[in-house]
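File shown here: target-v6.txt, holding compact mmCIF, C-alpha atoms.
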```txt
# COMPACT_ATOMS: atom_id res chain seq x y z
CA MET A 1 280.04 -58.92 -200.27
CA GLN A 2 280.91 -58.48 -196.60
CA ILE A 3 278.96 -55.78 -194.76
CA LEU A 4 279.64 -54.42 -191.28
CA PHE A 5 276.94 -52.50 -189.39
CA VAL A 6 278.22 -50.15 -186.66
CA CYS A 7 276.48 -48.37 -183.79
CA THR A 8 277.47 -47.39 -180.27
CA GLY A 9 276.76 -50.31 -177.93
CA ASN A 10 276.05 -53.08 -180.45
CA SER A 11 272.90 -54.02 -178.54
CA CYS A 12 270.11 -52.43 -180.62
CA ARG A 13 270.62 -50.66 -183.95
CA SER A 14 273.53 -52.49 -185.55
CA PRO A 15 272.44 -56.03 -184.56
CA MET A 16 268.88 -55.25 -185.66
CA ALA A 17 270.13 -53.84 -188.98
CA ALA A 18 272.50 -56.76 -189.55
CA ALA A 19 269.91 -59.45 -188.81
CA LEU A 20 267.22 -57.71 -190.83
CA PHE A 21 269.56 -57.05 -193.77
CA LYS A 22 270.75 -60.65 -193.80
CA LYS A 23 267.15 -61.89 -194.04
CA MET A 24 266.16 -59.31 -196.66
CA ALA A 25 269.26 -60.03 -198.76
CA GLN A 26 268.62 -63.79 -198.64
CA ASP A 27 265.01 -63.19 -199.72
CA GLU A 28 266.40 -61.24 -202.71
CA GLY A 29 268.99 -63.90 -203.57
CA LEU A 30 271.96 -61.68 -202.70
CA SER A 31 275.11 -63.35 -201.45
CA VAL A 32 276.28 -61.36 -198.43
CA GLN A 33 278.07 -61.92 -195.16
CA VAL A 34 276.99 -59.61 -192.37
CA GLN A 35 278.41 -58.65 -188.98
CA SER A 36 277.74 -55.90 -186.47
CA CYS A 37 279.80 -54.13 -183.83
CA GLY A 38 279.89 -51.05 -181.63
CA ILE A 39 282.31 -48.18 -181.13
CA ALA A 40 281.79 -48.21 -177.34
CA THR A 41 280.91 -51.71 -176.21
CA PHE A 42 282.29 -54.76 -174.48
CA LEU A 43 282.69 -58.21 -175.95
CA GLY A 44 279.85 -60.67 -175.35
CA MET A 45 276.84 -58.62 -174.23
CA GLY A 46 273.44 -59.67 -175.53
CA ALA A 47 270.99 -57.63 -177.58
CA SER A 48 268.53 -55.45 -175.66
CA LYS A 49 265.26 -57.12 -174.71
CA GLU A 50 263.36 -54.55 -176.79
CA ALA A 51 265.46 -55.29 -179.89
CA ILE A 52 264.95 -59.03 -179.39
CA GLU A 53 261.20 -58.54 -178.97
CA VAL A 54 260.64 -56.25 -181.97
CA LEU A 55 262.58 -58.59 -184.30
CA ARG A 56 260.68 -61.58 -182.98
CA HIS A 57 257.58 -60.00 -184.59
CA VAL A 58 259.25 -60.37 -188.02
CA ASP A 59 260.53 -63.92 -187.34
CA ILE A 60 264.14 -62.95 -186.65
CA ASP A 61 265.88 -64.37 -183.59
CA LEU A 62 268.42 -62.07 -181.90
CA LEU A 63 268.76 -64.17 -178.74
CA GLY A 64 272.18 -65.49 -179.76
CA HIS A 65 273.64 -62.04 -180.48
CA LYS A 66 276.88 -61.20 -178.64
CA SER A 67 278.29 -57.69 -178.87
CA LYS A 68 281.75 -56.97 -180.16
CA PRO A 69 283.79 -53.78 -180.29
CA LEU A 70 284.88 -52.24 -183.57
CA ASN A 71 288.42 -53.32 -184.37
CA GLU A 72 290.93 -53.46 -187.20
CA GLU A 73 290.08 -57.05 -188.07
CA LEU A 74 286.41 -56.16 -188.66
CA VAL A 75 287.32 -53.04 -190.67
CA ASN A 76 289.67 -55.09 -192.86
CA TRP A 77 287.11 -57.89 -193.23
CA SER A 78 284.39 -55.59 -194.55
CA ASP A 79 283.75 -54.46 -198.11
CA LEU A 80 281.17 -51.97 -196.84
CA ILE A 81 280.77 -50.34 -193.41
CA LEU A 82 277.34 -48.88 -192.66
CA VAL A 83 277.15 -46.69 -189.55
CA MET A 84 274.14 -45.30 -187.73
CA GLU A 85 275.45 -41.82 -186.87
CA ARG A 86 277.95 -39.28 -188.17
CA ARG A 87 280.02 -39.70 -185.02
CA HIS A 88 280.39 -43.42 -185.79
CA LYS A 89 281.66 -42.56 -189.27
CA ASN A 90 284.07 -40.01 -187.80
CA ARG A 91 285.37 -42.59 -185.33
CA VAL A 92 285.98 -45.19 -188.05
CA LEU A 93 287.78 -42.61 -190.18
CA GLU A 94 289.88 -41.33 -187.26
CA ASP A 95 291.17 -44.81 -186.47
CA TRP A 96 291.19 -46.25 -190.02
CA PRO A 97 291.47 -43.44 -192.59
CA GLU A 98 292.15 -46.06 -195.27
CA ALA A 99 288.48 -47.13 -194.90
CA LYS A 100 287.20 -43.80 -196.29
CA ASN A 101 285.90 -45.33 -199.53
CA LYS A 102 283.84 -47.98 -197.78
CA VAL A 103 282.29 -46.26 -194.76
CA PHE A 104 278.89 -44.57 -195.10
CA LEU A 105 275.97 -43.49 -192.99
CA LEU A 106 273.28 -46.11 -193.52
CA THR A 107 270.92 -43.43 -194.86
CA GLU A 108 273.65 -42.00 -197.11
CA PHE A 109 274.40 -45.36 -198.78
CA ALA A 110 270.66 -45.78 -199.40
CA LYS A 111 271.09 -42.72 -201.67
CA LEU A 112 268.33 -40.84 -199.88
CA GLU A 113 269.71 -38.43 -197.31
CA GLU A 114 272.37 -38.08 -194.66
CA LYS A 115 270.43 -38.58 -191.47
CA ASP A 116 271.42 -40.28 -188.21
CA ILE A 117 269.46 -43.33 -187.10
CA ILE A 118 268.42 -42.45 -183.55
CA ASP A 119 269.50 -44.56 -180.60
CA PRO A 120 266.46 -46.22 -179.00
CA VAL A 121 268.18 -47.21 -175.74
CA GLY A 122 266.03 -46.36 -172.74
CA LYS A 123 263.05 -45.42 -174.88
CA PRO A 124 259.64 -47.16 -174.98
CA PRO A 125 258.90 -50.15 -177.24
CA GLU A 126 257.16 -47.92 -179.82
CA VAL A 127 260.54 -46.30 -180.57
CA TYR A 128 261.98 -49.75 -181.38
CA GLU A 129 259.02 -50.44 -183.65
CA GLY A 130 259.69 -47.14 -185.42
CA LEU A 131 263.37 -48.07 -185.72
CA LEU A 132 262.39 -51.39 -187.29
CA MET A 133 260.24 -49.59 -189.88
CA ASP A 134 263.05 -47.11 -190.62
CA LEU A 135 265.60 -49.90 -190.98
CA LYS A 136 263.32 -51.90 -193.31
CA PHE A 137 262.87 -48.82 -195.50
CA TYR A 138 266.56 -47.88 -195.72
CA LEU A 139 267.79 -51.46 -196.03
CA SER A 140 265.40 -52.13 -198.93
CA LYS A 141 266.92 -49.11 -200.69
CA ILE A 142 270.44 -50.40 -199.93
CA ILE A 143 269.55 -53.76 -201.49
CA GLU A 144 268.41 -51.89 -204.62
CA VAL A 145 271.71 -49.96 -204.70
CA ILE A 146 273.77 -53.16 -204.34
CA LYS A 147 271.75 -54.95 -207.02
CA ASN A 148 272.11 -51.99 -209.40
CA GLU A 149 275.85 -51.74 -208.79
CA SER A 150 276.18 -55.49 -209.29
CA ASN A 151 274.25 -55.32 -212.57
CA ASN A 152 276.28 -52.34 -213.78
CA SER A 153 279.58 -54.11 -213.12
CA LYS A 154 278.64 -57.11 -215.27
```

If you took the structure in this file and wrote it as structure tokens, what would it be?
Amino acid sequence: MQILFVCTGNSCRSPMAAALFKKMAQDEGLSVQVQSCGIATFLGMGASKEAIEVLRHVDIDLLGHKSKPLNEELVNWSDLILVMERRHKNRVLEDWPEAKNKVFLLTEFAKLEEKDIIDPVGKPPEVYEGLLMDLKFYLSKIIEVIKNESNNSK
């Protein structure tokens, strides 16, 4: 399965979610490929220092992250597109309406609620720590959903 995480600048939320999900999926024995991108970013920017620092506490290295803008190639590559906010979903659907069956709010795909994941840019480190806890919670639910769907399709 190929999963694309989308946020705005591709410097905090989506790279954190992608790196964390990749590690969690590997720990669960799931075979996934993961990428992240942003709807309003430039190619090649690094992750924010706060995102790098908070993931370092859970043994994940974001130092090599380079931002990339959302594009048709990434949309076509993905089996599942998980976005952080409703406006990200709307943007994907405006530009690629054919992706409607594979684009979800992260919280929506976790089968819990339809809530935006707040942007931590410019906020204190505690907000990034809270984001990390939120992402761990929702991503663990997403792993359960994927495992259940995989078991049901066998």

note - CA of Pro124 in chain A and CA of Leu43 in chain A are separated by 25.6 Å

At most 10 Å is the cut-off: for each residue in range 21-78 of chain A with any atom that close to an atom of range 91-115 of chain A, write down the nearest atom pair and the distance in Å rounded to one decimal, counting all atoms listed in the file, chain first then increasing number, as JSON lines.
```
{"residue": "A:Ile39", "atom": "CA", "partner": "A:Arg91", "partner_atom": "CA", "distance": 7.6}
{"residue": "A:Leu70", "atom": "CA", "partner": "A:Val92", "partner_atom": "CA", "distance": 8.4}
{"residue": "A:Asn71", "atom": "CA", "partner": "A:Asp95", "partner_atom": "CA", "distance": 9.2}
{"residue": "A:Glu72", "atom": "CA", "partner": "A:Trp96", "partner_atom": "CA", "distance": 7.7}
{"residue": "A:Val75", "atom": "CA", "partner": "A:Ala99", "partner_atom": "CA", "distance": 7.4}
{"residue": "A:Asn76", "atom": "CA", "partner": "A:Ala99", "partner_atom": "CA", "distance": 8.3}
{"residue": "A:Ser78", "atom": "CA", "partner": "A:Lys102", "partner_atom": "CA", "distance": 8.3}
```

Wanna dump the range 29-127 of chain A-range 12-18 of chain A contacts at 8 Å for me, each residue with its shortest atom pair and the distance in Å to one decimal, counting all atoms listed in the file, ordered by chain and number, as a tab-separated table?
```
residue	atom	partner	partner_atom	distance
A:Val34	CA	A:Ala18	CA	6.0
A:Gln35	CA	A:Ala18	CA	6.2
A:Ser36	CA	A:Ser14	CA	5.5
A:Cys37	CA	A:Ser14	CA	6.7
A:Gly38	CA	A:Ser14	CA	7.6
A:Ala47	CA	A:Cys12	CA	6.1
A:Ser48	CA	A:Cys12	CA	6.0
A:Ala51	CA	A:Cys12	CA	5.5
A:Leu55	CA	A:Met16	CA	7.3
A:Leu62	CA	A:Pro15	CA	7.7
A:His65	CA	A:Pro15	CA	7.4
A:Val83	CA	A:Ser14	CA	7.9
A:Met84	CA	A:Arg13	CA	7.4
A:Asp119	CA	A:Arg13	CA	7.0
A:Pro120	CA	A:Cys12	CA	7.4
A:Val121	CA	A:Cys12	CA	7.4
```

Would you place a box with edges along x, y and z of the file around all atoms of range 136-145 of chain A listed there, add 4 Å to each of its six sides, and report the centre and edge lengths in Å to one decimal, as AutoDock Vina command-line options?
```
--center_x 267.3 --center_y -50.8 --center_z -199.0 --size_x 16.8 --size_y 13.9 --size_z 19.4
```

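With CA of Gly9 in chain A on one side and CA of Lys89 in chain A on the other, the separation reads 14.6 Å.
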
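Pairwise distance (CA of Leu4 in chain A, CA of Lys141 in chain A) equals 16.7 Å.
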
Neighbours of point (270.2, -57.8, -195.6) within 9 Å, using only C-alpha atoms, written as an mmCIF file with C-alpha atoms, in the coordinates of the input:
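Final output, point-v7.cif:
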```
data_model
loop_
_atom_site.group_PDB
_atom_site.id
_atom_site.type_symbol
_atom_site.label_atom_id
_atom_site.label_comp_id
_atom_site.auth_asym_id
_atom_site.auth_seq_id
_atom_site.Cartn_x
_atom_site.Cartn_y
_atom_site.Cartn_z
ATOM 1 C CA ALA A 17 270.130 -53.840 -188.980
ATOM 2 C CA ALA A 18 272.500 -56.760 -189.550
ATOM 3 C CA ALA A 19 269.910 -59.450 -188.810
ATOM 4 C CA LEU A 20 267.220 -57.710 -190.830
ATOM 5 C CA PHE A 21 269.560 -57.050 -193.770
ATOM 6 C CA LYS A 22 270.750 -60.650 -193.800
ATOM 7 C CA LYS A 23 267.150 -61.890 -194.040
ATOM 8 C CA MET A 24 266.160 -59.310 -196.660
ATOM 9 C CA ALA A 25 269.260 -60.030 -198.760
ATOM 10 C CA GLN A 26 268.620 -63.790 -198.640
ATOM 11 C CA ASP A 27 265.010 -63.190 -199.720
ATOM 12 C CA GLU A 28 266.400 -61.240 -202.710
ATOM 13 C CA LEU A 30 271.960 -61.680 -202.700
ATOM 14 C CA VAL A 32 276.280 -61.360 -198.430
ATOM 15 C CA GLN A 33 278.070 -61.920 -195.160
ATOM 16 C CA VAL A 34 276.990 -59.610 -192.370
ATOM 17 C CA LEU A 139 267.790 -51.460 -196.030
ATOM 18 C CA SER A 140 265.400 -52.130 -198.930
ATOM 19 C CA ILE A 142 270.440 -50.400 -199.930
ATOM 20 C CA ILE A 143 269.550 -53.760 -201.490
#
```
